[in-house]
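This is structure_33.txt. It holds compact mmCIF, C-alpha atoms.
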# COMPACT_ATOMS: atom_id res chain seq x y z
CA THR E 1 0.00 0.00 0.00
CA ALA E 2 1.08 3.58 -0.59
CA LEU E 3 2.61 5.44 2.32
CA ALA E 4 0.24 7.82 4.05
CA SER E 5 0.91 11.44 4.96
CA ALA E 6 2.93 12.46 7.99
CA ALA E 7 -0.15 14.39 9.04
CA ASP E 8 -1.78 11.09 9.98
CA THR E 9 0.60 10.76 12.92
CA ASP E 10 0.60 13.18 15.86
CA GLY E 11 3.97 14.95 16.14
CA ASP E 12 4.19 14.44 19.89
CA ASP E 13 3.50 10.72 19.52
CA LEU E 14 6.10 10.46 16.78
CA LYS E 15 8.70 12.25 18.90
CA HIS E 16 8.54 9.55 21.56
CA THR E 17 9.04 6.63 19.21
CA PRO E 18 12.36 4.74 19.53
CA THR E 19 13.29 5.78 15.98
CA ALA E 20 12.84 9.49 16.76
CA GLN E 21 14.74 9.32 20.04
CA LYS E 22 17.64 7.45 18.46
CA LEU E 23 17.76 9.85 15.50
CA LEU E 24 17.71 12.98 17.68
CA SER E 25 20.56 11.53 19.72
CA ILE E 26 22.59 10.93 16.56
CA LEU E 27 21.92 14.46 15.27
CA GLU E 28 22.89 16.04 18.58
CA ARG E 29 26.16 14.10 18.70
CA ARG E 30 26.88 15.19 15.16
CA GLN E 31 26.35 18.83 16.08
CA ASN E 32 28.57 18.49 19.15
CA GLY E 33 31.26 17.20 16.81
CA GLY E 34 31.16 20.41 14.78
CA GLY E 35 28.45 19.61 12.24
CA PRO E 36 25.44 21.80 11.43
CA ASP E 37 22.46 21.86 13.78
CA LEU E 38 20.15 19.23 12.33
CA ALA E 39 18.26 18.41 15.52
CA SER E 40 16.52 21.79 15.89
CA PRO E 41 14.63 21.72 12.55
CA LEU E 42 13.34 18.25 13.39
CA GLU E 43 12.36 19.23 16.94
CA VAL E 44 10.54 22.32 15.65
CA ALA E 45 8.64 20.20 13.13
CA LEU E 46 7.70 17.70 15.82
CA ALA E 47 6.42 20.46 18.12
CA ASP E 48 4.42 22.21 15.40
CA THR E 49 0.79 21.11 15.36
CA GLY E 50 -0.20 23.53 12.60
CA ALA E 51 -1.59 22.58 9.22
CA GLU E 52 1.79 23.14 7.58
CA SER E 53 3.75 20.85 9.92
CA ASP E 54 3.26 17.74 7.80
CA LYS E 55 5.03 19.50 4.90
CA SER E 56 8.34 19.62 6.75
CA PRO E 57 10.87 17.43 4.89
CA GLN E 58 12.36 16.46 8.24
CA LEU E 59 9.02 15.34 9.65
CA GLN E 60 8.10 13.46 6.49
CA ALA E 61 11.47 11.71 6.55
CA LEU E 62 11.08 10.71 10.19
CA TRP E 63 7.57 9.47 9.58
CA TRP E 64 8.84 7.33 6.69
CA LEU E 65 11.61 5.94 8.90
CA SER E 66 9.14 5.11 11.64
CA GLN E 67 7.00 3.18 9.16
CA THR E 68 9.88 1.19 7.72
CA SER E 69 12.21 0.59 10.67
CA GLY E 70 10.69 -2.78 11.48
CA ARG E 71 10.94 -4.24 8.00
CA GLU E 72 13.75 -6.73 7.71
CA THR E 73 13.86 -6.22 3.95
CA LEU E 74 15.01 -2.65 4.52
CA ARG E 75 18.25 -3.59 6.22
CA ASP E 76 21.32 -3.30 4.08
CA THR E 77 23.41 -6.42 3.74
CA ALA E 78 26.65 -4.50 4.17
CA PRO E 79 28.20 -4.46 7.65
CA ILE E 80 27.46 -0.87 8.66
CA ASP E 81 26.33 -0.07 12.18
CA ALA E 82 22.72 0.75 12.99
CA ASP E 83 23.36 4.43 13.79
CA THR E 84 25.14 5.01 10.49
CA ASP E 85 22.37 3.22 8.63
CA LEU E 86 19.69 5.32 10.32
CA ALA E 87 21.51 8.61 9.69
CA GLN E 88 22.08 7.72 6.03
CA ARG E 89 18.44 6.80 5.45
CA TYR E 90 17.28 9.98 7.17
CA ALA E 91 19.59 12.16 5.05
CA LEU E 92 18.39 10.58 1.81
CA ALA E 93 14.74 10.77 2.83
CA VAL E 94 15.06 14.47 3.69
CA LEU E 95 16.80 15.02 0.32
CA TYR E 96 13.85 13.34 -1.38
CA PHE E 97 11.15 15.37 0.39
CA ALA E 98 13.10 18.67 0.30
CA THR E 99 13.49 18.46 -3.48
CA GLY E 100 9.91 17.51 -4.33
CA GLY E 101 10.61 13.81 -4.69
CA ASP E 102 7.01 12.89 -5.39
CA THR E 103 7.17 14.98 -8.59
CA TRP E 104 10.56 13.74 -9.83
CA LYS E 105 10.68 12.68 -13.47
CA GLU E 106 11.85 9.17 -12.65
CA CYS E 107 11.96 6.73 -9.77
CA SER E 108 9.93 8.54 -7.15
CA ARG E 109 8.54 6.41 -4.31
CA ASP E 110 5.39 5.92 -6.39
CA VAL E 111 5.84 2.43 -7.79
CA THR E 112 3.92 3.46 -10.91
CA SER E 113 6.44 6.18 -11.78
CA LYS E 114 8.87 5.59 -14.61
CA CYS E 115 12.09 4.00 -13.41
CA GLU E 116 15.27 2.83 -15.11
CA SER E 117 14.90 -0.71 -16.45
CA SER E 118 17.38 -3.45 -17.24
CA ASP E 119 19.20 -3.02 -20.54
CA GLY E 120 19.43 -6.75 -21.09
CA SER E 121 22.94 -7.00 -19.70
CA GLY E 122 21.77 -8.87 -16.64
CA LEU E 123 22.21 -5.84 -14.38
CA LYS E 124 19.40 -5.16 -11.92
CA SER E 125 17.03 -2.30 -12.46
CA SER E 126 17.39 0.79 -10.29
CA ALA E 127 14.90 0.73 -7.44
CA HIS E 128 12.45 3.51 -6.66
CA PHE E 129 13.63 6.00 -4.04
CA LEU E 130 12.45 5.11 -0.53
CA SER E 131 11.58 1.60 -1.68
CA ASP E 132 12.15 -1.56 0.32
CA GLY E 133 15.69 -2.84 0.00
CA PRO E 134 19.21 -1.45 0.40
CA VAL E 135 19.68 2.26 -0.35
CA CYS E 136 22.52 1.24 -2.66
CA SER E 137 19.88 -0.06 -5.06
CA TRP E 138 17.95 3.21 -5.20
CA PHE E 139 17.94 5.28 -8.37
CA GLY E 140 20.80 7.78 -8.63
CA LEU E 141 22.83 6.32 -5.77
CA THR E 142 26.08 4.38 -5.86
CA CYS E 143 27.88 2.72 -2.97
CA SER E 144 31.51 1.71 -2.85
CA ALA E 145 32.18 -1.74 -4.30
CA SER E 146 35.91 -1.89 -3.64
CA ASP E 147 36.47 -0.33 -0.22
CA GLU E 148 35.41 -2.83 2.44
CA GLN E 149 35.04 -0.06 5.02
CA LYS E 150 32.57 1.83 2.81
CA LYS E 151 30.36 -1.03 1.68
CA GLY E 152 26.75 -0.03 2.16
CA LEU E 153 27.65 3.66 2.33
CA VAL E 154 26.56 6.06 -0.40
CA THR E 155 29.53 7.61 -2.20
CA TRP E 156 27.90 8.93 -5.38
CA ILE E 157 24.64 10.83 -5.86
CA ASP E 158 23.55 11.62 -9.42
CA LEU E 159 20.03 13.05 -9.68
CA SER E 160 20.72 15.21 -12.72
CA ASN E 161 17.82 16.21 -14.98
CA ASN E 162 15.23 14.59 -12.76
CA GLY E 163 12.88 17.45 -11.94
CA LEU E 164 14.28 18.33 -8.52
CA SER E 165 12.99 21.54 -6.91
CA GLY E 166 13.50 23.29 -3.58
CA SER E 167 17.07 23.44 -2.28
CA ILE E 168 19.90 21.24 -1.02
CA PRO E 169 19.04 20.27 2.57
CA ASN E 170 21.61 20.50 5.35
CA GLU E 171 20.80 16.92 6.32
CA LEU E 172 22.83 15.77 3.33
CA SER E 173 25.88 16.69 5.41
CA LEU E 174 25.28 13.42 7.27
CA LEU E 175 26.89 11.75 4.25
CA SER E 176 29.94 14.04 4.26
CA ASP E 177 32.36 11.41 5.57
CA ASN E 178 31.98 9.24 2.47
CA LEU E 179 30.47 11.27 -0.37
CA GLU E 180 32.72 11.57 -3.42
CA LEU E 181 30.37 12.80 -6.14
CA LEU E 182 27.30 15.05 -6.05
CA TRP E 183 25.54 15.76 -9.35
CA LEU E 184 22.29 17.73 -9.17
CA SER E 185 22.57 19.47 -12.54
CA ALA E 186 19.93 20.32 -15.15
CA ASN E 187 17.26 20.81 -12.49
CA PRO E 188 16.15 24.40 -13.22
CA ASP E 189 13.80 24.57 -10.22
CA LEU E 190 16.54 23.63 -7.75
CA GLY E 191 17.59 26.83 -5.97
CA GLY E 192 18.88 28.04 -2.65
CA ALA E 193 22.58 28.36 -1.96
CA LEU E 194 25.55 26.06 -1.96
CA PRO E 195 25.71 25.05 1.71
CA HIS E 196 28.71 25.96 3.82
CA TRP E 197 29.11 22.35 4.95
CA ILE E 198 30.11 21.37 1.40
CA GLY E 199 33.68 22.09 2.48
CA GLU E 200 33.44 19.29 5.05
CA VAL E 201 32.93 16.65 2.36
CA LYS E 202 36.62 15.83 2.46
CA HIS E 203 36.49 13.07 -0.18
CA MET E 204 34.51 15.11 -2.72
CA GLN E 205 35.93 14.69 -6.22
CA SER E 206 33.15 16.00 -8.43
CA LEU E 207 30.47 18.64 -7.77
CA SER E 208 27.99 19.51 -10.49
CA VAL E 209 25.09 21.97 -10.17
CA PHE E 210 25.04 23.47 -13.66
CA GLU E 211 21.77 24.74 -15.14
CA THR E 212 20.08 25.19 -11.78
CA THR E 213 18.91 28.36 -10.04
CA ILE E 214 21.32 27.89 -7.14
CA SER E 215 22.47 31.38 -6.18
CA GLY E 216 24.68 33.28 -3.77
CA THR E 217 28.45 33.06 -3.60
CA ILE E 218 30.73 30.05 -3.61
CA PRO E 219 31.28 29.28 0.08
CA ASP E 220 34.88 29.75 1.17
CA SER E 221 34.83 26.26 2.64
CA LEU E 222 34.64 24.76 -0.86
CA TYR E 223 38.24 25.79 -1.48
CA ASN E 224 39.29 23.29 1.20
CA LEU E 225 38.26 20.34 -0.97
CA SER E 226 41.75 19.13 -1.83
CA LYS E 227 40.47 16.12 -3.82
CA LEU E 228 38.04 18.09 -5.98
CA SER E 229 38.85 17.52 -9.65
CA SER E 230 35.63 18.66 -11.33
CA LEU E 231 33.46 21.70 -10.56
CA ARG E 232 30.65 22.46 -13.00
CA VAL E 233 28.37 25.34 -12.03
CA TYR E 234 27.76 26.95 -15.43
CA GLY E 235 24.36 28.41 -16.14
CA SER E 236 23.52 28.76 -12.45
CA LYS E 237 22.82 31.98 -10.53
CA LEU E 238 26.06 31.94 -8.55
CA GLU E 239 27.57 35.39 -8.15
CA GLY E 240 30.25 37.42 -6.43
CA ALA E 241 34.01 37.26 -6.72
CA ILE E 242 36.01 34.09 -7.26
CA SER E 243 38.28 33.81 -4.22
CA THR E 244 42.04 33.75 -4.63
CA GLU E 245 41.85 30.59 -2.50
CA ILE E 246 40.79 28.74 -5.63
CA GLY E 247 44.50 28.18 -6.19
CA GLN E 248 44.36 25.62 -3.35
CA LEU E 249 42.38 23.16 -5.48
CA ASN E 250 45.50 21.38 -6.68
CA ASN E 251 43.66 18.40 -8.19
CA MET E 252 41.22 20.47 -10.25
CA GLN E 253 40.94 19.29 -13.87
CA TRP E 254 37.55 20.54 -15.10
CA LEU E 255 36.43 24.01 -14.01
CA TRP E 256 33.33 25.14 -15.86
CA ILE E 257 32.00 28.42 -14.42
CA HIS E 258 30.66 30.19 -17.52
CA GLY E 259 27.26 31.81 -17.86
CA CYS E 260 26.89 32.75 -14.19
CA GLU E 261 26.93 36.12 -12.40
CA PHE E 262 30.53 36.18 -11.18
CA THR E 263 32.13 39.61 -10.73
CA GLY E 264 35.53 41.05 -9.86
CA THR E 265 38.63 39.82 -11.64
CA ILE E 266 39.72 36.40 -12.81
CA PRO E 267 42.21 35.30 -10.13
CA THR E 268 45.82 34.85 -11.13
CA GLU E 269 45.87 31.95 -8.66
CA LEU E 270 44.13 29.84 -11.30
CA GLY E 271 47.60 29.51 -12.75
CA SER E 272 48.48 27.28 -9.80
CA LEU E 273 46.11 24.57 -11.02
CA LYS E 274 48.70 22.57 -12.95
CA LYS E 275 46.33 19.64 -13.63
CA LEU E 276 43.68 21.84 -15.23
CA GLU E 277 42.37 20.47 -18.54
CA ALA E 278 39.38 22.73 -19.13
CA LEU E 279 38.49 26.25 -17.93
CA THR E 280 35.43 28.19 -19.11
CA VAL E 281 34.84 31.72 -17.78
CA HIS E 282 32.79 33.46 -20.51
CA GLY E 283 29.33 34.96 -19.98
CA ASN E 284 29.97 36.35 -16.49
CA ALA E 285 30.21 39.93 -15.22
CA PHE E 286 33.92 40.12 -14.56
CA ASP E 287 35.54 43.55 -14.35
CA PRO E 288 35.81 44.89 -17.95
CA SER E 289 39.07 46.62 -17.02
CA SER E 290 40.68 43.17 -17.13
CA ASP E 291 41.44 43.18 -20.84
CA THR E 292 42.94 39.71 -20.98
CA LEU E 293 43.19 36.56 -18.98
CA PRO E 294 46.02 36.58 -16.43
CA SER E 295 49.31 35.49 -17.93
CA GLU E 296 49.50 32.82 -15.22
CA VAL E 297 46.41 31.20 -16.74
CA CYS E 298 47.76 31.46 -20.28
CA ASP E 299 50.96 29.76 -19.11
CA LEU E 300 48.89 26.62 -18.51
CA ARG E 301 48.59 26.36 -22.30
CA THR E 302 52.34 25.98 -22.79
CA THR E 303 54.13 22.76 -23.68
CA GLY E 304 54.01 20.16 -20.97
CA MET E 305 50.82 21.50 -19.36
CA ASN E 306 47.36 19.94 -19.56
CA LEU E 307 45.01 22.82 -20.37
CA GLU E 308 43.35 21.92 -23.68
CA HIS E 309 40.12 23.94 -23.43
CA LEU E 310 40.23 27.61 -22.44
CA TRP E 311 37.08 29.56 -23.23
CA THR E 312 36.48 33.24 -22.51
CA ASN E 313 34.93 36.43 -23.91
CA CYS E 314 36.76 38.19 -26.72
CA ASP E 315 35.92 41.20 -28.89
CA ALA E 316 37.61 44.14 -30.58
CA ASN E 317 38.66 45.54 -27.21
CA ARG E 318 39.52 42.29 -25.50
CA SER E 319 41.68 39.69 -27.20
CA CYS E 320 42.91 36.35 -25.98
CA ASP E 321 45.76 34.81 -27.92
CA CYS E 322 46.00 31.82 -25.60
CA CYS E 323 42.30 30.89 -25.63
CA THR E 324 40.96 27.95 -27.60
CA LYS E 325 37.49 29.47 -28.02
CA CYS E 326 36.19 33.04 -27.84
CA PHE E 327 32.64 34.21 -27.28
CA PRO E 328 31.05 37.64 -27.87
CA ASN E 329 31.62 39.90 -24.90
CA LYS E 330 28.11 39.87 -23.51
CA ARG E 331 26.22 38.41 -20.57
CA ARG E 332 24.04 35.37 -21.20
Conversion result in structure tokens:
Amino acid sequence: TALASAADTDGDDLKHTPTAQKLLSILERRQNGGGPDLASPLEVALADTGAESDKSPQLQALWWLSQTSGRETLRDTAPIDADTDLAQRYALAVLYFATGGDTWKECSRDVTSKCESSDGSGLKSSAHFLSDGPVCSWFGLTCSASDEQKKGLVTWIDLSNNGLSGSIPNELSLLSDNLELLWLSANPDLGGALPHWIGEVKHMQSLSVFETTISGTIPDSLYNLSKLSSLRVYGSKLEGAISTEIGQLNNMQWLWIHGCEFTGTIPTELGSLKKLEALTVHGNAFDPSSDTLPSEVCDLRTTGMNLEHLWTNCDANRSCDCCTKCFPNKRR
């Protein structure tokens, strides 16, 4: 049978269930360890008896957990501890409800929704989100298959072009110890800001939010992601100056930041990214007094370097001899 609404369960009753008490304890410990405050939004939702309370992604996620916690088929086969399993399921459920999961293009919890099918290779179909079975089988999620310590833990999330809306919830930070890839691109109704906790995802290798309405500035914490090799934010609403700290991203290979609202100057520190293979900066609002790209960036096009694709704005007043592609000097 289809899952009912969280409104069918009294918030106070739900708060005193073993699942809620265990989850709140986990969230409080996480906050005490330096993570964002994830307990307060849940406690507020549990205390709210208004008509809007059932719309809280946190409350909906907890209600779903309380309905499924007793099903043996929901337990992952990988040897992860119960607290980690609960926190991971909560994070993914909040992500689902916070981004309008019931209206996703594919693989919502509605078993009648379109979902990826087998291609005849013998591989299993992707399971609907929030379905019975291990989270590693859910659509858009990948768990480590080689690292014994990470088996059963989500390392990749790819929900690109799937009709997501809303914004990235802070609860996703519960996956920060293991997450390596986060792709939420081509979801034009996905907005909000890039969360500050993104800099705590120490294993992050690829972050992609292009063609969304995510806005605000790039959080300074992102420049601490030493393993980040791909950052694609083009066509979003990100704005402000690109920090000189971008030169700390020593493993960066693909940096696509065109068609946004970035201002200021193009940092010379980009020249420190010796592994860079592609850089696109056109279609922004950079200071027009910067007639050319910094020489440090152009030096990445010299023999022995890796930069093959360098795209920027060029016109009669702004040339770029080192670029591989020039675009008219206008905003998108």
Worksheet, complete the sentence: Using only C-alpha atoms, the shortest atom-to-atom distance to Phe327 of chain E among E:Trp311, E:Tyr234, E:Trp138, E:Tyr223 belongs to E:Trp311
Fill in: Spatial neighbours of Ser185 of chain E, max dist 10 Å, only C-alpha atoms, sep filter under 6 positions, as a VMD selection string
chain E and resid 158 to 164 207 to 213 232 to 236
Worksheet entry | Distance criterion (all atoms listed in the file): nearest to Ser229 of chain E out of E:Ala93, E:Val44, E:Leu181, E:Ile266 | E:Leu181
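A straight line drawn from atom CA of Gln21 of chain E to atom CA of Arg109 of chain E is 25.3 Å long.
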Discussion item. Just want the 6 Å neighbourhood of Thr312 of chain E, counted on all atoms listed in the file, with same-chain residues fewer than 4 positions away dropped. Output as a PyMOL selection string.
Written reply: chain E and resi 281-282+326
Could I see segment 282-293 of chain E restored to all heavy atoms, set down as a PDB file, in the frame of the given file?
ATOM      1  N   HIS E 282      33.551  32.484 -19.733  1.00  0.00           N
ATOM      2  CA  HIS E 282      32.790  33.460 -20.510  1.00  0.00           C
ATOM      3  C   HIS E 282      31.367  33.619 -19.960  1.00  0.00           C
ATOM      4  O   HIS E 282      30.868  32.782 -19.209  1.00  0.00           O
ATOM      5  CB  HIS E 282      32.724  33.038 -21.980  1.00  0.00           C
ATOM      6  CG  HIS E 282      32.141  31.665 -22.193  1.00  0.00           C
ATOM      7  ND1 HIS E 282      32.845  30.518 -21.931  1.00  0.00           N
ATOM      8  CD2 HIS E 282      30.908  31.273 -22.620  1.00  0.00           C
ATOM      9  CE1 HIS E 282      32.080  29.467 -22.196  1.00  0.00           C
ATOM     10  NE2 HIS E 282      30.912  29.891 -22.610  1.00  0.00           N
ATOM     11  N   GLY E 283      30.730  34.741 -20.342  1.00  0.00           N
ATOM     12  CA  GLY E 283      29.330  34.960 -19.980  1.00  0.00           C
ATOM     13  C   GLY E 283      29.106  35.349 -18.544  1.00  0.00           C
ATOM     14  O   GLY E 283      27.997  35.176 -18.026  1.00  0.00           O
ATOM     15  N   ASN E 284      30.122  35.865 -17.859  1.00  0.00           N
ATOM     16  CA  ASN E 284      29.970  36.350 -16.490  1.00  0.00           C
ATOM     17  C   ASN E 284      29.999  37.884 -16.486  1.00  0.00           C
ATOM     18  O   ASN E 284      29.861  38.515 -17.529  1.00  0.00           O
ATOM     19  CB  ASN E 284      31.074  35.763 -15.607  1.00  0.00           C
ATOM     20  CG  ASN E 284      30.780  34.328 -15.210  1.00  0.00           C
ATOM     21  OD1 ASN E 284      29.870  34.056 -14.429  1.00  0.00           O
ATOM     22  ND2 ASN E 284      31.551  33.384 -15.761  1.00  0.00           N
ATOM     23  N   ALA E 285      30.178  38.471 -15.337  1.00  0.00           N
ATOM     24  CA  ALA E 285      30.210  39.930 -15.220  1.00  0.00           C
ATOM     25  C   ALA E 285      31.536  40.379 -14.627  1.00  0.00           C
ATOM     26  O   ALA E 285      31.584  41.277 -13.787  1.00  0.00           O
ATOM     27  CB  ALA E 285      29.049  40.409 -14.353  1.00  0.00           C
ATOM     28  N   PHE E 286      32.609  39.747 -15.064  1.00  0.00           N
ATOM     29  CA  PHE E 286      33.920  40.120 -14.560  1.00  0.00           C
ATOM     30  C   PHE E 286      34.265  41.556 -14.937  1.00  0.00           C
ATOM     31  O   PHE E 286      33.749  42.098 -15.915  1.00  0.00           O
ATOM     32  CB  PHE E 286      34.993  39.168 -15.123  1.00  0.00           C
ATOM     33  CG  PHE E 286      34.916  37.773 -14.565  1.00  0.00           C
ATOM     34  CD1 PHE E 286      34.715  36.676 -15.401  1.00  0.00           C
ATOM     35  CD2 PHE E 286      35.048  37.538 -13.202  1.00  0.00           C
ATOM     36  CE1 PHE E 286      34.645  35.393 -14.898  1.00  0.00           C
ATOM     37  CE2 PHE E 286      34.972  36.254 -12.681  1.00  0.00           C
ATOM     38  CZ  PHE E 286      34.770  35.169 -13.535  1.00  0.00           C
ATOM     39  N   ASP E 287      35.138  42.163 -14.170  1.00  0.00           N
ATOM     40  CA  ASP E 287      35.540  43.550 -14.350  1.00  0.00           C
ATOM     41  C   ASP E 287      36.041  43.766 -15.787  1.00  0.00           C
ATOM     42  O   ASP E 287      37.007  43.132 -16.221  1.00  0.00           O
ATOM     43  CB  ASP E 287      36.668  43.862 -13.351  1.00  0.00           C
ATOM     44  CG  ASP E 287      37.023  45.334 -13.334  1.00  0.00           C
ATOM     45  OD1 ASP E 287      36.604  46.064 -14.260  1.00  0.00           O
ATOM     46  OD2 ASP E 287      37.725  45.758 -12.398  1.00  0.00           O
ATOM     47  N   PRO E 288      35.386  44.654 -16.557  1.00  0.00           N
ATOM     48  CA  PRO E 288      35.810  44.890 -17.950  1.00  0.00           C
ATOM     49  C   PRO E 288      37.191  45.512 -18.062  1.00  0.00           C
ATOM     50  O   PRO E 288      37.778  45.513 -19.148  1.00  0.00           O
ATOM     51  CB  PRO E 288      34.726  45.842 -18.483  1.00  0.00           C
ATOM     52  CG  PRO E 288      34.156  46.496 -17.264  1.00  0.00           C
ATOM     53  CD  PRO E 288      34.215  45.461 -16.188  1.00  0.00           C
ATOM     54  N   SER E 289      37.720  46.037 -16.955  1.00  0.00           N
ATOM     55  CA  SER E 289      39.070  46.620 -17.020  1.00  0.00           C
ATOM     56  C   SER E 289      40.133  45.541 -17.168  1.00  0.00           C
ATOM     57  O   SER E 289      41.284  45.825 -17.491  1.00  0.00           O
ATOM     58  CB  SER E 289      39.344  47.436 -15.747  1.00  0.00           C
ATOM     59  OG  SER E 289      39.368  46.605 -14.591  1.00  0.00           O
ATOM     60  N   SER E 290      39.743  44.281 -16.924  1.00  0.00           N
ATOM     61  CA  SER E 290      40.680  43.170 -17.130  1.00  0.00           C
ATOM     62  C   SER E 290      40.616  42.784 -18.600  1.00  0.00           C
ATOM     63  O   SER E 290      39.758  42.013 -19.027  1.00  0.00           O
ATOM     64  CB  SER E 290      40.290  41.975 -16.246  1.00  0.00           C
ATOM     65  OG  SER E 290      40.284  42.344 -14.889  1.00  0.00           O
ATOM     66  N   ASP E 291      41.509  43.343 -19.388  1.00  0.00           N
ATOM     67  CA  ASP E 291      41.440  43.180 -20.840  1.00  0.00           C
ATOM     68  C   ASP E 291      41.755  41.771 -21.305  1.00  0.00           C
ATOM     69  O   ASP E 291      41.273  41.325 -22.350  1.00  0.00           O
ATOM     70  CB  ASP E 291      42.396  44.166 -21.530  1.00  0.00           C
ATOM     71  CG  ASP E 291      41.918  45.599 -21.370  1.00  0.00           C
ATOM     72  OD1 ASP E 291      40.703  45.804 -21.242  1.00  0.00           O
ATOM     73  OD2 ASP E 291      42.781  46.497 -21.365  1.00  0.00           O
ATOM     74  N   THR E 292      42.551  41.062 -20.565  1.00  0.00           N
ATOM     75  CA  THR E 292      42.940  39.710 -20.980  1.00  0.00           C
ATOM     76  C   THR E 292      42.946  38.791 -19.776  1.00  0.00           C
ATOM     77  O   THR E 292      42.906  39.234 -18.625  1.00  0.00           O
ATOM     78  CB  THR E 292      44.356  39.721 -21.599  1.00  0.00           C
ATOM     79  OG1 THR E 292      45.286  40.220 -20.627  1.00  0.00           O
ATOM     80  CG2 THR E 292      44.402  40.590 -22.843  1.00  0.00           C
ATOM     81  N   LEU E 293      43.024  37.514 -20.056  1.00  0.00           N
ATOM     82  CA  LEU E 293      43.190  36.560 -18.980  1.00  0.00           C
ATOM     83  C   LEU E 293      44.560  36.758 -18.340  1.00  0.00           C
ATOM     84  O   LEU E 293      45.504  37.173 -19.016  1.00  0.00           O
ATOM     85  CB  LEU E 293      43.090  35.123 -19.524  1.00  0.00           C
ATOM     86  CG  LEU E 293      41.693  34.601 -19.840  1.00  0.00           C
ATOM     87  CD1 LEU E 293      41.804  33.248 -20.530  1.00  0.00           C
ATOM     88  CD2 LEU E 293      40.868  34.469 -18.570  1.00  0.00           C
TER      89      LEU E 293
END
